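Visitor: The structure file my_file-v5.pdb (PDB, C-alpha atoms) is provided below.
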```pdb
ATOM      1  CA  VAL A  28       0.000   0.000   0.000
ATOM      2  CA  LEU A  29       1.461   3.348  -1.028
ATOM      3  CA  ALA A  30       0.556   6.827   0.177
ATOM      4  CA  THR A  31       2.281   9.482  -1.917
ATOM      5  CA  CYS A  32       2.086  13.045  -3.209
ATOM      6  CA  GLY A  33      -0.055  15.385  -0.999
ATOM      7  CA  HIS A  34      -0.370  14.637   2.681
ATOM      8  CA  ALA A  35      -2.213  11.535   3.804
ATOM      9  CA  LYS A  36      -2.709  10.509   7.411
ATOM     10  CA  LEU A  37      -0.921   7.256   8.023
ATOM     11  CA  THR A  38      -2.686   4.000   8.694
ATOM     12  CA  ASP A  39      -1.452   0.631   9.901
ATOM     13  CA  LYS A  40      -2.064  -0.683   6.370
ATOM     14  CA  SER A  41       0.460   1.663   4.757
ATOM     15  CA  GLU A  42       3.728  -0.085   3.945
ATOM     16  CA  HIS A  43       5.323   2.680   1.847
ATOM     17  CA  ILE A  44       4.675   6.415   2.078
ATOM     18  CA  ASN A  45       6.200   9.411   0.338
ATOM     19  CA  ASN A  46       4.405  12.600   1.311
ATOM     20  CA  TYR A  47       4.928  15.305  -1.309
ATOM     21  CA  GLY A  48       7.674  13.186  -2.862
ATOM     22  CA  SER A  49      10.302  14.443  -0.407
ATOM     23  CA  CYS A  50      10.376  11.692   2.196
ATOM     24  CA  PRO A  51      10.065   8.077   0.985
ATOM     25  CA  LEU A  52       9.644   5.723   3.940
ATOM     26  CA  LYS A  53       8.963   2.023   4.291
ATOM     27  CA  LYS A  54       8.023  -0.305   7.126
ATOM     28  CA  VAL A  55      10.721  -2.732   8.231
ATOM     29  CA  GLY A  56      11.395  -5.056  11.121
ATOM     30  CA  LEU A  57       9.904  -8.483  10.643
ATOM     31  CA  GLU A  58      12.696  -9.636   8.328
ATOM     32  CA  ASP A  59      15.083  -9.576  11.317
ATOM     33  CA  TRP A  60      12.698 -11.195  13.797
ATOM     34  CA  VAL A  61      13.700 -14.755  14.732
ATOM     35  CA  GLY A  62      10.909 -15.625  17.185
ATOM     36  CA  PRO A  63       7.230 -16.442  16.604
ATOM     37  CA  LYS A  64       5.589 -13.816  14.396
ATOM     38  CA  SER A  65       2.764 -13.521  16.920
ATOM     39  CA  GLU A  66       5.294 -12.159  19.430
ATOM     40  CA  ALA A  67       7.037  -9.785  17.029
ATOM     41  CA  PRO A  68       6.947  -6.049  17.737
ATOM     42  CA  PRO A  69       5.106  -3.871  15.229
ATOM     43  CA  PRO A  70       7.171  -2.813  12.218
ATOM     44  CA  ARG A  71       8.863   0.573  12.327
ATOM     45  CA  TRP A  72       9.434   3.200   9.651
ATOM     46  CA  SER A  73      12.774   3.422   7.845
ATOM     47  CA  PHE A  74      14.102   5.429   4.913
ATOM     48  CA  ASP A  75      13.175   4.010   1.513
ATOM     49  CA  THR A  76      15.855   5.225  -0.882
ATOM     50  CA  GLN A  77      18.044   3.904  -3.637
ATOM     51  CA  PRO A  78      21.247   2.101  -2.620
ATOM     52  CA  CYS A  79      24.431   4.017  -3.356
ATOM     53  CA  GLY A  80      26.312   3.527  -6.622
ATOM     54  CA  TYR A  81      23.712   4.708  -9.135
ATOM     55  CA  PRO A  82      24.228   8.004 -11.001
ATOM     56  CA  SER A  83      21.971  11.003 -10.413
ATOM     57  CA  VAL A  84      19.949   9.511  -7.565
ATOM     58  CA  THR A  85      19.768  10.261  -3.863
ATOM     59  CA  CYS A  86      21.210   7.190  -2.217
ATOM     60  CA  MET A  87      21.152   5.871   1.304
ATOM     61  CA  ASP A  88      24.292   5.076   3.251
ATOM     62  CA  THR A  89      23.700   1.387   3.892
ATOM     63  CA  SER A  90      26.643   1.152   6.280
ATOM     64  CA  PRO A  91      25.950   0.530   9.967
ATOM     65  CA  ASP A  92      26.852   4.190  10.642
ATOM     66  CA  MET A  93      23.191   5.126  10.041
ATOM     67  CA  ALA A  94      21.917   2.499  12.487
ATOM     68  CA  ASN A  95      21.042   5.024  15.194
ATOM     69  CA  CYS A  96      19.576   7.603  12.801
ATOM     70  CA  ASP A  97      17.351   5.306  10.734
ATOM     71  CA  ASN A  98      14.126   5.518  12.743
ATOM     72  CA  PRO A  99      12.057   8.375  11.257
ATOM     73  CA  PHE A 100       8.640   9.265  12.676
ATOM     74  CA  PRO A 101       5.985  10.457  10.177
ATOM     75  CA  ASP A 102       3.551  13.155  11.321
ATOM     76  CA  ALA A 103       5.847  14.070  14.210
ATOM     77  CA  ASN A 104       7.624  17.319  15.029
ATOM     78  CA  ILE A 105      10.164  16.510  17.741
ATOM     79  CA  TYR A 106      10.319  19.493  20.100
ATOM     80  CA  HIS A 107      11.127  20.387  23.710
ATOM     81  CA  LYS A 108      11.216  23.805  25.330
ATOM     82  CA  ASP A 109      14.780  23.173  26.504
ATOM     83  CA  GLU A 110      16.092  22.295  23.046
ATOM     84  CA  THR A 111      18.826  24.216  21.259
ATOM     85  CA  VAL A 112      18.314  24.792  17.544
ATOM     86  CA  ILE A 113      21.666  24.316  15.833
ATOM     87  CA  ALA A 114      20.595  25.431  12.364
ATOM     88  CA  THR A 115      17.738  25.384   9.856
ATOM     89  CA  TYR A 116      18.641  24.643   6.246
ATOM     90  CA  PHE A 117      16.567  25.034   3.107
ATOM     91  CA  ASP A 118      17.471  25.501  -0.512
ATOM     92  CA  ASP A 119      18.115  29.212  -1.025
ATOM     93  CA  SER A 120      20.357  28.797  -4.040
ATOM     94  CA  PHE A 121      18.361  31.599  -5.690
ATOM     95  CA  ASN A 122      18.867  33.868  -2.665
ATOM     96  CA  ARG A 123      15.372  32.952  -1.473
ATOM     97  CA  THR A 124      14.108  34.475   1.765
ATOM     98  CA  TRP A 125      11.132  32.915   3.552
ATOM     99  CA  GLU A 126       7.955  34.957   4.108
ATOM    100  CA  ASP A 127       8.943  35.984   7.664
ATOM    101  CA  GLY A 128      12.445  36.991   6.613
ATOM    102  CA  THR A 129      14.072  33.701   7.555
ATOM    103  CA  LYS A 130      17.107  32.722   5.520
ATOM    104  CA  SER A 131      18.727  29.334   5.383
ATOM    105  CA  ALA A 132      21.853  28.658   7.381
ATOM    106  CA  PRO A 133      24.808  28.679   4.948
ATOM    107  CA  CYS A 134      25.208  25.632   2.771
ATOM    108  CA  PRO A 135      26.959  23.755   1.252
ATOM    109  CA  LEU A 136      28.332  22.914   4.669
ATOM    110  CA  ASN A 137      31.889  21.644   5.047
ATOM    111  CA  LEU A 138      32.295  19.275   7.984
ATOM    112  CA  THR A 139      35.451  17.630   9.260
ATOM    113  CA  TYR A 140      34.739  14.445  11.168
ATOM    114  CA  PRO A 141      36.832  11.607  12.624
ATOM    115  CA  LEU A 142      37.304   8.324  10.818
ATOM    116  CA  SER A 143      39.269   6.981  13.781
ATOM    117  CA  LEU A 144      41.034   8.313  16.858
ATOM    118  CA  SER A 145      43.859   9.589  14.650
ATOM    119  CA  GLU A 146      42.333  10.213  11.200
ATOM    120  CA  THR A 147      39.818  12.795   9.980
ATOM    121  CA  GLN A 148      38.012  13.560   6.735
ATOM    122  CA  THR A 149      36.372  16.724   5.389
ATOM    123  CA  GLU A 150      33.191  16.453   3.318
ATOM    124  CA  SER A 151      30.829  18.976   1.735
ATOM    125  CA  PHE A 152      27.065  18.672   2.278
ATOM    126  CA  ASP A 153      24.485  20.474   0.141
ATOM    127  CA  CYS A 154      21.263  21.887   1.558
ATOM    128  CA  PRO A 155      19.094  18.892   2.523
ATOM    129  CA  VAL A 156      16.197  18.313   0.131
ATOM    130  CA  THR A 157      14.868  15.020   1.564
ATOM    131  CA  CYS A 158      14.244  13.722   5.060
ATOM    132  CA  TYR A 159      17.099  11.254   4.612
ATOM    133  CA  ASP A 160      19.473  14.123   3.790
ATOM    134  CA  CYS A 161      18.339  15.829   7.000
ATOM    135  CA  ALA A 162      18.942  12.762   9.194
ATOM    136  CA  ASN A 163      22.339  12.169   7.632
ATOM    137  CA  LEU A 164      23.361  15.804   8.160
ATOM    138  CA  CYS A 165      22.358  15.515  11.826
ATOM    139  CA  ARG A 166      24.588  12.448  12.155
ATOM    140  CA  MET A 167      27.551  14.103  10.475
ATOM    141  CA  GLN A 168      27.219  17.368  12.417
ATOM    142  CA  ALA A 169      27.396  15.482  15.724
ATOM    143  CA  MET A 170      30.427  13.543  14.521
ATOM    144  CA  SER A 171      32.145  16.792  13.521
ATOM    145  CA  VAL A 172      31.996  18.176  17.081
ATOM    146  CA  ALA A 173      32.818  14.921  18.905
ATOM    147  CA  LYS A 174      35.730  15.382  21.323
ATOM    148  CA  ALA A 175      38.814  13.212  21.659
ATOM    149  CA  ASP A 176      38.730  13.422  25.466
ATOM    150  CA  GLN A 177      35.215  11.922  25.287
ATOM    151  CA  MET A 178      36.424   9.125  22.996
ATOM    152  CA  LEU A 179      34.757  10.758  19.969
ATOM    153  CA  ASP A 180      31.346  10.010  21.441
ATOM    154  CA  PRO A 181      28.790  11.692  19.098
ATOM    155  CA  THR A 182      26.069  11.509  21.756
ATOM    156  CA  MET A 183      27.687  14.112  24.023
ATOM    157  CA  GLN A 184      27.225  17.281  21.935
ATOM    158  CA  GLY A 185      25.882  18.373  18.589
ATOM    159  CA  CYS A 186      22.728  17.269  16.809
ATOM    160  CA  ASN A 187      20.618  14.516  18.357
ATOM    161  CA  ALA A 188      17.247  15.310  16.752
ATOM    162  CA  TRP A 189      16.147  16.500  13.326
ATOM    163  CA  VAL A 190      12.885  17.814  11.867
ATOM    164  CA  PHE A 191      12.074  17.909   8.146
ATOM    165  CA  CYS A 192       9.158  19.776   6.564
ATOM    166  CA  THR A 193       7.894  17.580   3.725
ATOM    167  CA  ASN A 194       5.480  20.144   2.255
ATOM    168  CA  PRO A 195       7.077  22.429  -0.394
ATOM    169  CA  ASP A 196       4.621  25.164   0.635
ATOM    170  CA  GLY A 197       5.724  25.094   4.268
ATOM    171  CA  CYS A 198       4.615  23.400   7.492
ATOM    172  CA  THR A 199       2.677  25.018  10.314
ATOM    173  CA  ASN A 200       4.448  24.947  13.654
ATOM    174  CA  GLY A 201       2.256  26.706  16.198
ATOM    175  CA  GLU A 202       2.037  30.328  15.082
ATOM    176  CA  LYS A 203       5.021  29.964  12.759
ATOM    177  CA  THR A 204       5.282  28.360   9.341
ATOM    178  CA  MET A 205       8.512  26.505   8.686
ATOM    179  CA  PRO A 206      10.004  26.837   5.193
ATOM    180  CA  GLY A 207       9.068  24.110   2.735
ATOM    181  CA  LEU A 208      11.581  21.253   2.496
ATOM    182  CA  SER A 209      13.506  22.710   5.435
ATOM    183  CA  CYS A 210      15.727  20.700   7.746
ATOM    184  CA  THR A 211      16.156  21.771  11.358
ATOM    185  CA  LEU A 212      18.979  20.285  13.415
ATOM    186  CA  LYS A 213      18.582  20.527  17.165
ATOM    187  CA  ARG A 214      19.880  19.227  20.455
ATOM    188  CA  ILE A 215      17.769  18.135  23.408
ATOM    189  CA  PRO A 216      19.709  17.801  26.695
ATOM    190  CA  LEU A 217      20.710  14.255  27.636
ATOM    191  CA  ASP A 218      19.322  14.708  31.148
ATOM    192  CA  ASN A 219      15.815  15.278  29.753
ATOM    193  CA  PRO A 220      13.635  12.421  31.125
ATOM    194  CA  ASP A 221      12.117  11.678  27.707
ATOM    195  CA  ILE A 222      15.554  11.594  26.065
ATOM    196  CA  GLN A 223      16.636   9.214  28.823
ATOM    197  CA  GLU A 224      13.677   6.992  27.904
ATOM    198  CA  GLN A 225      14.679   7.130  24.243
ATOM    199  CA  MET A 226      18.291   6.279  25.138
ATOM    200  CA  ARG A 227      17.147   3.058  26.769
ATOM    201  CA  ALA A 228      15.112   2.078  23.686
ATOM    202  CA  PRO A 229      16.719   3.795  20.647
ATOM    203  CA  SER A 230      14.641   1.782  18.140
ATOM    204  CA  ASN A 231      11.308   2.943  19.480
ATOM    205  CA  TRP A 232       8.590   1.075  17.607
ATOM    206  CA  ASP A 233       5.680   3.122  18.946
ATOM    207  CA  GLY A 234       6.919   6.598  18.061
ATOM    208  CA  PRO A 235       8.853   9.236  20.001
ATOM    209  CA  PRO A 236       8.054   9.865  23.691
ATOM    210  CA  ALA A 237       4.915  11.987  23.983
ATOM    211  CA  GLY A 238       6.792  14.687  25.883
ATOM    212  CA  LEU A 239       8.989  15.350  22.842
ATOM    213  CA  VAL A 240       6.295  15.879  20.185
ATOM    214  CA  ALA A 241       4.737  19.248  19.389
ATOM    215  CA  GLU A 242       1.004  19.508  18.733
ATOM    216  CA  GLY A 243      -0.132  19.816  15.133
ATOM    217  CA  SER A 244       2.764  17.897  13.683
ATOM    218  CA  GLY A 245       1.279  16.995  10.290
ATOM    219  CA  ASP A 246       3.554  17.381   7.242
ATOM    220  CA  PHE A 247       6.634  17.009   9.457
ATOM    221  CA  VAL A 248       8.858  13.946   9.633
ATOM    222  CA  SER A 249      11.427  13.848  12.398
ATOM    223  CA  GLY A 250      13.774  11.525  14.214
ATOM    224  CA  PHE A 251      16.554  11.075  16.721
ATOM    225  CA  CYS A 252      20.193  10.450  15.924
ATOM    226  CA  ASN A 253      22.698   8.806  18.269
ATOM    227  CA  VAL A 254      20.349   8.966  21.241
ATOM    228  CA  ARG A 255      21.763   5.860  22.874
ATOM    229  CA  GLU A 256      23.647   4.695  25.938
ATOM    230  CA  THR A 257      27.448   4.600  25.833
ATOM    231  CA  CYS A 258      30.141   4.109  28.439
ATOM    232  CA  VAL A 259      30.761   7.869  28.354
ATOM    233  CA  ASN A 260      27.189   9.017  29.024
ATOM    234  CA  THR A 261      25.837   6.132  31.147
ATOM    235  CA  GLU A 262      27.529   4.774  34.290
ATOM    236  CA  SER A 263      25.890   1.337  34.084
ATOM    237  CA  VAL A 264      27.319   0.827  30.586
ATOM    238  CA  ARG A 265      30.742   1.947  31.767
ATOM    239  CA  ASP A 266      30.572  -0.570  34.630
ATOM    240  CA  ARG A 267      29.934  -3.484  32.273
ATOM    241  CA  CYS A 268      32.856  -2.604  29.998
ATOM    242  CA  ASP A 269      35.293  -4.818  31.926
ATOM    243  CA  LEU A 270      38.085  -4.222  29.401
ATOM    244  CA  GLY A 271      37.824  -0.461  29.747
ATOM    245  CA  CYS A 272      35.583   2.202  28.224
ATOM    246  CA  GLY A 273      36.813   2.969  24.727
ATOM    247  CA  ASN A 274      39.344   0.118  24.565
ATOM    248  CA  GLU A 275      39.500  -0.259  20.779
ATOM    249  CA  ARG A 276      42.204  -2.916  20.998
ATOM    250  CA  GLU A 277      39.937  -5.333  22.851
ATOM    251  CA  TYR A 278      36.430  -4.330  21.771
ATOM    252  CA  SER A 279      35.278  -4.732  18.190
ATOM    253  CA  CYS A 280      33.502  -2.172  16.021
ATOM    254  CA  GLY A 281      33.336  -3.023  12.347
ATOM    255  CA  GLY A 282      34.134  -5.942  10.130
ATOM    256  CA  VAL A 283      31.925  -8.180   8.011
ATOM    257  CA  PRO A 284      29.501  -9.061   9.448
ATOM    258  CA  PHE A 285      29.477  -5.863  11.451
ATOM    259  CA  GLN A 286      30.479  -6.297  15.091
ATOM    260  CA  CYS A 287      29.288  -3.924  17.809
ATOM    261  CA  SER A 288      30.846  -2.973  21.113
ATOM    262  CA  ASP A 289      27.472  -2.389  22.846
ATOM    263  CA  GLY A 290      28.477   1.078  23.979
ATOM    264  CA  CYS A 291      32.031   0.225  25.073
ATOM    265  CA  ILE A 292      33.420   2.021  22.012
ATOM    266  CA  PRO A 293      31.388   5.254  22.125
ATOM    267  CA  ARG A 294      31.897   6.156  18.465
ATOM    268  CA  CYS A 295      30.632   2.729  17.362
ATOM    269  CA  PRO A 296      27.075   3.342  16.077
ATOM    270  CA  CYS A 297      25.404   0.270  17.570
TER     271      CYS A 297
END
```
Please, can you express the file's structure as structure tokens?

Guide:
Amino acid sequence: VLATCGHAKLTDKSEHINNYGSCPLKKVGLEDWVGPKSEAPPPRWSFDTQPCGYPSVTCMDTSPDMANCDNPFPDANIYHKDETVIATYFDDSFNRTWEDGTKSAPCPLNLTYPLSLSETQTESFDCPVTCYDCANLCRMQAMSVAKADQMLDPTMQGCNAWVFCTNPDGCTNGEKTMPGLSCTLKRIPLDNPDIQEQMRAPSNWDGPPAGLVAEGSGDFVSGFCNVRETCVNTESVRDRCDLGCGNEREYSCGGVPFQCSDGCIPRCPC
């Protein structure tokens, strides 16, 4: 079942949606479930984009690096009064100014991020034009401000939530209308009780915690990125890392199939 073009309220029967053509999503989950189907959790939404390697198409990074950013919530505008808005991006390549005078944060955006404890890479990111672009930019922005003395943990500062307006004509947010196809990167404090709840269950099947969703969230798609427990941000995780928090010689992060350190290597995305 496909819901596409204009806005359509989601139903449990929808398996693919693409509101206004800017945010293709699909339901996933059961293919990884090994127990009885009757006991399986409900499927969750994921990005539905082309794999990388094809010319002239927006592709999805299929590496495990997107594991903690690949849980978008349709019809949800993640918001908290204590949040910090990092930036709002929209395509102003023609020097476009929104109706209330808002201009996009500068883009393309050049970000330098760590590949390892000793190696970095600089990459240029255009203005996001899809919800996947927005989630990926949130991930990369957090990586770019990760600190070596925190073991390059991307959960400690930078973007941990993103909001994308799928409607080209703009999305109503209280008394304000957000620019069409805009991407807002924000940070919600880790000590927020609802963020703490999300950290304990990063793949939330039922949607974001109610305390982090603004009213009237239609036409928005939003999600969290790297809201998870690590040995840097959670004492109980640190206590179970018997070989030492961040010990990359003993704990594994990578390989084929991908191995995960369960929070003992903070930069590892699992």

Visitor: Contacts of Lys53 (chain A) at 7 Å or less, counting all atoms listed in the file, minus same-chain residues fewer than 4 places along, as a compact mmCIF listing (two decimals) with C-alpha atoms, in the frame of the given file?

Guide:
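For reference, result-v9.txt as written:
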```
# COMPACT_ATOMS: atom_id res chain seq x y z
CA GLU A 42 3.73 -0.08 3.94
CA HIS A 43 5.32 2.68 1.85
CA ILE A 44 4.68 6.42 2.08
CA TRP A 72 9.43 3.20 9.65
CA SER A 73 12.77 3.42 7.84
CA PHE A 74 14.10 5.43 4.91
CA ASP A 75 13.18 4.01 1.51
```

Visitor: Given the PyMOL selection byres ((chain A and resi 275-288) around 12) and the file above, list the residues it selects as JSON, numbers by chain.

Guide: {"A": [89, 90, 91, 92, 94, 143, 144, 178, 256, 257, 258, 264, 265, 267, 268, 269, 270, 271, 272, 273, 274, 289, 290, 291, 292, 293, 294, 295, 296, 297]}

Visitor: Would you translate the PyMOL selection byres ((chain A and resi 215) around 9) into the concrete set of residues it matches in this file, as a list in words?

Guide: Tyr106, His107, Lys108, Asp109, Glu110, Thr111, Val112, Cys186, Asn187, Ala188, Lys213, Arg214, Pro216, Leu217, Asp218, Asn219 and Ile222 of chain A

Visitor: Would you kindly return, as a tab-separated table (two decimals) with C-alpha atoms, in the frame of the given file, each protein, DNA or RNA residue with an atom no farther than 6 Å from any atom of region 193-207 of chain A, considering all atoms listed in the file and excluding same-chain residues fewer than 2 positions away?

Guide:
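Final output, result.tsv:
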```
chain	number	residue	atom	x	y	z
A	49	SER	CA	10.30	14.44	-0.41
A	209	SER	CA	13.51	22.71	5.44
A	246	ASP	CA	3.55	17.38	7.24
A	247	PHE	CA	6.63	17.01	9.46
```

Visitor: Would you work out the distance separating CA of Met93 (chain A) from CA of Asn163 (chain A), expressed in Å to one decimal?

Guide: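 Answer for the CA of Met93 (chain A) to CA of Asn163 (chain A) separation: 7.5 Å.
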
Visitor: I'd like to know which of A:Gln177, A:Asn98, A:Ser65, A:Thr261 is closest to Cys158 (chain A), using only C-alpha atoms.

Guide: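 Distance minimum relative to Cys158 (chain A) lands on A:Asn98.
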
Visitor: What is the CA of Ala132 (chain A)-CA of Ala114 (chain A) distance in Å, reported with one decimal?

Guide: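 CA of Ala132 (chain A) sits 6.1 Å away from CA of Ala114 (chain A).
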
Visitor: Find, counting only C-alpha atoms, the residue in A:Ala228, A:Val248, A:Ala237, A:Met167 that gets nearest to Val190 (chain A).

Guide: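 The answer is A:Val248, which sits nearest to Val190 (chain A).
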
Visitor: Considering only C-alpha atoms, state which residue in the set A:Pro99, A:Pro220, A:Pro69, A:Gly234 is at the smallest distance from Ser249 (chain A).

Guide: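 That would be A:Pro99, the residue with the smallest distance to Ser249 (chain A).
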
Visitor: Within 6 Å of (25.0, 10.7, 25.0), in the coordinates the file gives, what residues turn up when you count only C-alpha atoms, written out as a PyMOL selection string?

Guide: chain A and resi 182-183+260

Visitor: Would you write out, as a list in words, every residue that the PyMOL selection byres ((chain A and resi 104) around 6) captures in this file?

Guide: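 Written out, the selection comes to Ala103, Ile105, Val240, Ala241, Ser244, Phe247 and Ser249 of chain A.
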
Visitor: Take the residues from that selection and write them out as an mmCIF file, in the frame of the given file, keeping C-alpha atoms.

Guide:
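Listed below is the output, result_7.cif:
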```cif
data_model
loop_
_atom_site.group_PDB
_atom_site.id
_atom_site.type_symbol
_atom_site.label_atom_id
_atom_site.label_comp_id
_atom_site.auth_asym_id
_atom_site.auth_seq_id
_atom_site.Cartn_x
_atom_site.Cartn_y
_atom_site.Cartn_z
ATOM 1 C CA ALA A 103 5.847 14.070 14.210
ATOM 2 C CA ILE A 105 10.164 16.510 17.741
ATOM 3 C CA VAL A 240 6.295 15.879 20.185
ATOM 4 C CA ALA A 241 4.737 19.248 19.389
ATOM 5 C CA SER A 244 2.764 17.897 13.683
ATOM 6 C CA PHE A 247 6.634 17.009 9.457
ATOM 7 C CA SER A 249 11.427 13.848 12.398
#
```

Visitor: Applying 9 Å and all atoms listed in the file, which residues near Leu164 (chain A) remain after dropping the ones on its own chain fewer than 4 positions away? List them as a list in words.

Guide: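 Counting only the stated atoms, we get Phe152, Pro155, Tyr159, Asp160, Gln168, Ala169, Cys186, Trp189 and Leu212 of chain A.
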